[in-house]
$ cat protein.cif   # mmCIF, C-alpha atoms
data_coords
#
loop_
_atom_site.label_atom_id
_atom_site.label_comp_id
_atom_site.auth_asym_id
_atom_site.auth_seq_id
_atom_site.Cartn_x
_atom_site.Cartn_y
_atom_site.Cartn_z
CA MET A 1 41.71 78.67 -163.06
CA LEU A 2 42.03 76.54 -166.21
CA LYS A 3 42.19 73.33 -164.15
CA SER A 4 38.87 74.24 -162.55
CA PHE A 5 37.36 74.90 -165.99
CA ALA A 6 38.70 71.55 -167.22
CA ASP A 7 36.96 69.79 -164.33
CA THR A 8 33.68 71.60 -165.04
CA LEU A 9 33.83 70.82 -168.76
CA GLN A 10 34.73 67.18 -168.16
CA ALA A 11 31.69 66.89 -165.90
CA ARG A 12 29.65 68.12 -168.89
CA GLY A 13 31.13 65.41 -171.10
CA PHE A 14 33.85 67.39 -172.87
CA GLU A 15 37.35 65.98 -173.28
CA THR A 16 39.97 68.53 -172.21
CA HIS A 17 43.76 68.83 -172.29
CA LEU A 18 45.67 71.32 -170.17
CA ILE A 19 48.79 72.63 -171.91
CA GLU A 20 51.25 74.20 -169.53
CA ALA A 21 53.23 77.29 -170.44
CA SER A 22 56.48 76.73 -172.33
CA GLU A 23 58.79 78.58 -174.69
CA ALA A 24 56.37 77.92 -177.54
CA ALA A 25 53.31 79.08 -175.56
CA PRO A 26 54.09 81.57 -172.76
CA ILE A 27 50.83 80.98 -170.84
CA ASP A 28 48.79 77.95 -169.86
CA GLN A 29 46.05 76.95 -172.28
CA LEU A 30 43.10 74.59 -172.11
CA VAL A 31 42.11 72.64 -175.21
CA VAL A 32 38.52 71.43 -175.37
CA VAL A 33 37.77 68.68 -177.86
CA LEU A 34 34.49 69.51 -179.60
CA ASP A 35 32.27 67.12 -181.50
CA ALA A 36 33.41 66.46 -185.07
CA ASP A 37 31.79 68.62 -187.74
CA ALA A 38 29.18 67.35 -190.22
CA GLN A 39 31.97 65.93 -192.42
CA GLY A 40 33.56 64.10 -189.49
CA ARG A 41 36.53 66.48 -189.15
CA GLU A 42 38.01 67.06 -185.71
CA ARG A 43 37.44 70.40 -183.99
CA SER A 44 38.91 71.99 -180.89
CA LEU A 45 38.42 75.10 -178.82
CA TRP A 46 41.36 76.79 -177.09
CA LEU A 47 40.77 78.67 -173.82
CA THR A 48 43.51 81.14 -172.93
CA PRO A 49 43.64 83.72 -170.13
CA LEU A 50 44.66 87.19 -171.33
CA PRO A 51 47.08 88.21 -168.55
CA ASP A 52 48.64 91.30 -170.12
CA LEU A 53 45.42 93.21 -169.51
CA GLN A 54 45.15 92.47 -165.77
CA SER A 55 46.52 95.88 -164.78
CA ASP A 56 43.66 97.55 -166.67
CA LEU A 57 40.93 95.57 -164.87
CA ASP A 58 39.40 95.94 -161.43
CA GLU A 59 40.54 93.49 -158.78
CA GLY A 60 39.03 90.02 -159.18
CA LEU A 61 38.26 90.43 -162.88
CA SER A 62 39.98 88.53 -165.67
CA LEU A 63 39.63 87.99 -169.40
CA LEU A 64 39.37 84.57 -171.03
CA GLN A 65 39.75 84.07 -174.78
CA PHE A 66 37.97 81.27 -176.66
CA LEU A 67 39.51 80.44 -180.05
CA ALA A 68 38.42 77.72 -182.47
CA PRO A 69 40.10 77.24 -185.85
CA LEU A 70 37.72 75.86 -188.46
CA PRO A 71 38.76 72.59 -190.14
CA PHE A 72 39.12 74.18 -193.58
CA ALA A 73 41.02 77.17 -194.95
CA ALA A 74 40.33 80.19 -197.11
CA ARG A 75 41.51 80.36 -200.69
CA ALA A 76 43.38 83.45 -201.87
CA GLU A 77 41.16 83.91 -204.93
CA ASN A 78 37.99 84.45 -202.88
CA GLU A 79 39.23 85.99 -199.63
CA ALA A 80 37.56 89.36 -200.30
CA ALA A 81 34.14 87.77 -200.85
CA LEU A 82 34.70 85.48 -197.85
CA ALA A 83 35.59 88.44 -195.63
CA THR A 84 32.41 90.24 -196.69
CA GLY A 85 30.31 87.13 -196.04
CA ILE A 86 31.87 86.59 -192.62
CA LEU A 87 31.21 90.22 -191.70
CA GLN A 88 27.53 89.81 -192.58
CA LEU A 89 27.35 86.52 -190.69
CA ASN A 90 28.89 88.04 -187.57
CA ASN A 91 25.89 90.35 -187.28
CA ALA A 92 23.74 87.30 -186.43
CA LEU A 93 26.01 85.96 -183.68
CA PRO A 94 25.06 86.43 -180.03
CA LEU A 95 28.68 86.07 -178.89
CA GLY A 96 32.08 86.41 -180.53
CA SER A 97 32.82 86.48 -184.22
CA PHE A 98 34.36 84.59 -187.09
CA GLY A 99 37.54 85.93 -188.63
CA LEU A 100 40.27 85.30 -191.13
CA ARG A 101 43.95 85.23 -190.19
CA GLN A 102 46.19 86.36 -193.02
CA PRO A 103 48.35 85.20 -194.76
CA GLU A 104 47.73 81.60 -193.64
CA GLY A 105 44.06 81.66 -194.63
CA VAL A 106 43.02 80.25 -191.25
CA ILE A 107 39.35 80.81 -190.54
CA LEU A 108 38.55 80.97 -186.85
CA TYR A 109 35.92 81.75 -184.28
CA ARG A 110 36.94 84.01 -181.36
CA ALA A 111 35.23 85.32 -178.27
CA VAL A 112 36.53 86.98 -175.10
CA LEU A 113 34.65 86.92 -171.80
CA MET A 114 35.20 88.91 -168.66
CA LEU A 115 35.06 86.71 -165.58
CA GLY A 116 34.59 87.72 -161.97
CA ALA A 117 35.98 86.55 -158.66
CA ASP A 118 33.44 83.74 -158.03
CA ALA A 119 34.99 80.49 -159.29
CA THR A 120 31.68 78.59 -159.19
CA ILE A 121 29.87 81.14 -161.34
CA ASN A 122 32.86 81.40 -163.69
CA GLY A 123 32.79 77.62 -164.17
CA LYS A 124 29.10 77.74 -165.07
CA ILE A 125 29.66 80.63 -167.47
CA VAL A 126 32.57 78.85 -169.18
CA GLY A 127 30.57 75.61 -169.45
CA GLU A 128 27.61 77.38 -171.05
CA THR A 129 29.90 79.39 -173.32
CA VAL A 130 31.67 76.28 -174.64
CA THR A 131 28.28 74.67 -175.33
CA LEU A 132 27.11 77.84 -177.14
CA ILE A 133 30.30 78.04 -179.21
CA GLN A 134 29.95 74.42 -180.29
CA PHE A 135 26.36 75.20 -181.35
CA LEU A 136 27.46 78.30 -183.28
CA LEU A 137 30.17 76.34 -185.06
CA ASP A 138 27.60 73.66 -185.96
CA GLN A 139 25.17 76.27 -187.26
CA PHE A 140 27.50 78.51 -189.26
CA SER A 141 30.57 76.53 -190.36
CA GLY A 142 28.71 75.04 -193.31
CA ALA A 143 27.77 78.48 -194.60
CA ILE A 144 31.35 79.69 -194.26
CA GLU A 145 32.72 76.62 -196.00
CA ALA A 146 30.26 77.20 -198.86
CA MET A 147 31.70 80.73 -199.20
CA VAL A 148 35.20 79.22 -199.41
CA ARG A 149 34.14 76.92 -202.25
CA ASN A 150 32.52 79.68 -204.33
#

$ encode --input "protein.cif" --output "structure tokens"
Amino acid sequence: MLKSFADTLQARGFETHLIEASEAAPIDQLVVVLDADAQGRERSLWLTPLPDLQSDLDEGLSLLQFLAPLPFAARAENEAALATGILQLNNALPLGSFGLRQPEGVILYRAVLMLGADATINGKIVGETVTLIQFLLDQFSGAIEAMVRN
């Protein structure tokens, strides 16, 4: 499945890297290289199937997680205000949400999609979703980083 998504995304101009399962990462993952942010910092989006939930889904359905760490971190002294700001911001998002992973202070974007049995349609959905996520990161990362600085 991830190989097919890599091919679709490469056809759309995205650089991708398939990371096979290992001891460090128990399932295959697909890394999509996104455009650099406004400050020129590298960004990536990780696509990961969520296999532990397969038994709870109807046949032919699967879940795919999209996870993008932002290229800056939270500061302990303003995490409460940042969390409140992110919560308010999430109300404006059409898909997924921003979050804060404690205690590392990692700020990330996360979305999970349910995919069906049709590989062609799934590829189109994943391609459009990656494009949308890159747009959302472009639109809202600056506001989140401003919250980190305050």

$ atom_distance --input "protein.cif" --atom1 "atom CA of A:Leu100" --atom2 "atom CA of A:Ala83"
7.2 Å

$ closest_residue --input "protein.cif" --among "A:Val126, A:Leu50, A:Leu61, A:Ala36" --to "A:Asp7" --atoms "all atoms listed in the file"
A:Val126

$ residues_around --input "protein.cif" --residues "A:Trp46" --least-positions-apart "5" --cutoff "7 Å" --atoms "all atoms listed in the file" --output "PyMOL selection string"
chain A and resi 29-32+66-68

$ atom_distance --input "protein.cif" --atom1 "atom CA of A:Ser62" --atom2 "atom CA of A:Ile86"
28.2 Å

$ resolve_selection --input "protein.cif" --expression "the PyMOL selection byres ((chain A and resi 70-74) around 6)" --output "list in words"
Pro69, Arg75, Gly105, Val106, Ile107, Leu108 and Val148 of chain A

$ residues_around --input "protein.cif" --residues "stretch 91-95 of chain A" --least-positions-apart "3" --cutoff "7 Å" --atoms "only C-alpha atoms" --output "PyMOL selection string"
chain A and resi 87-88+111
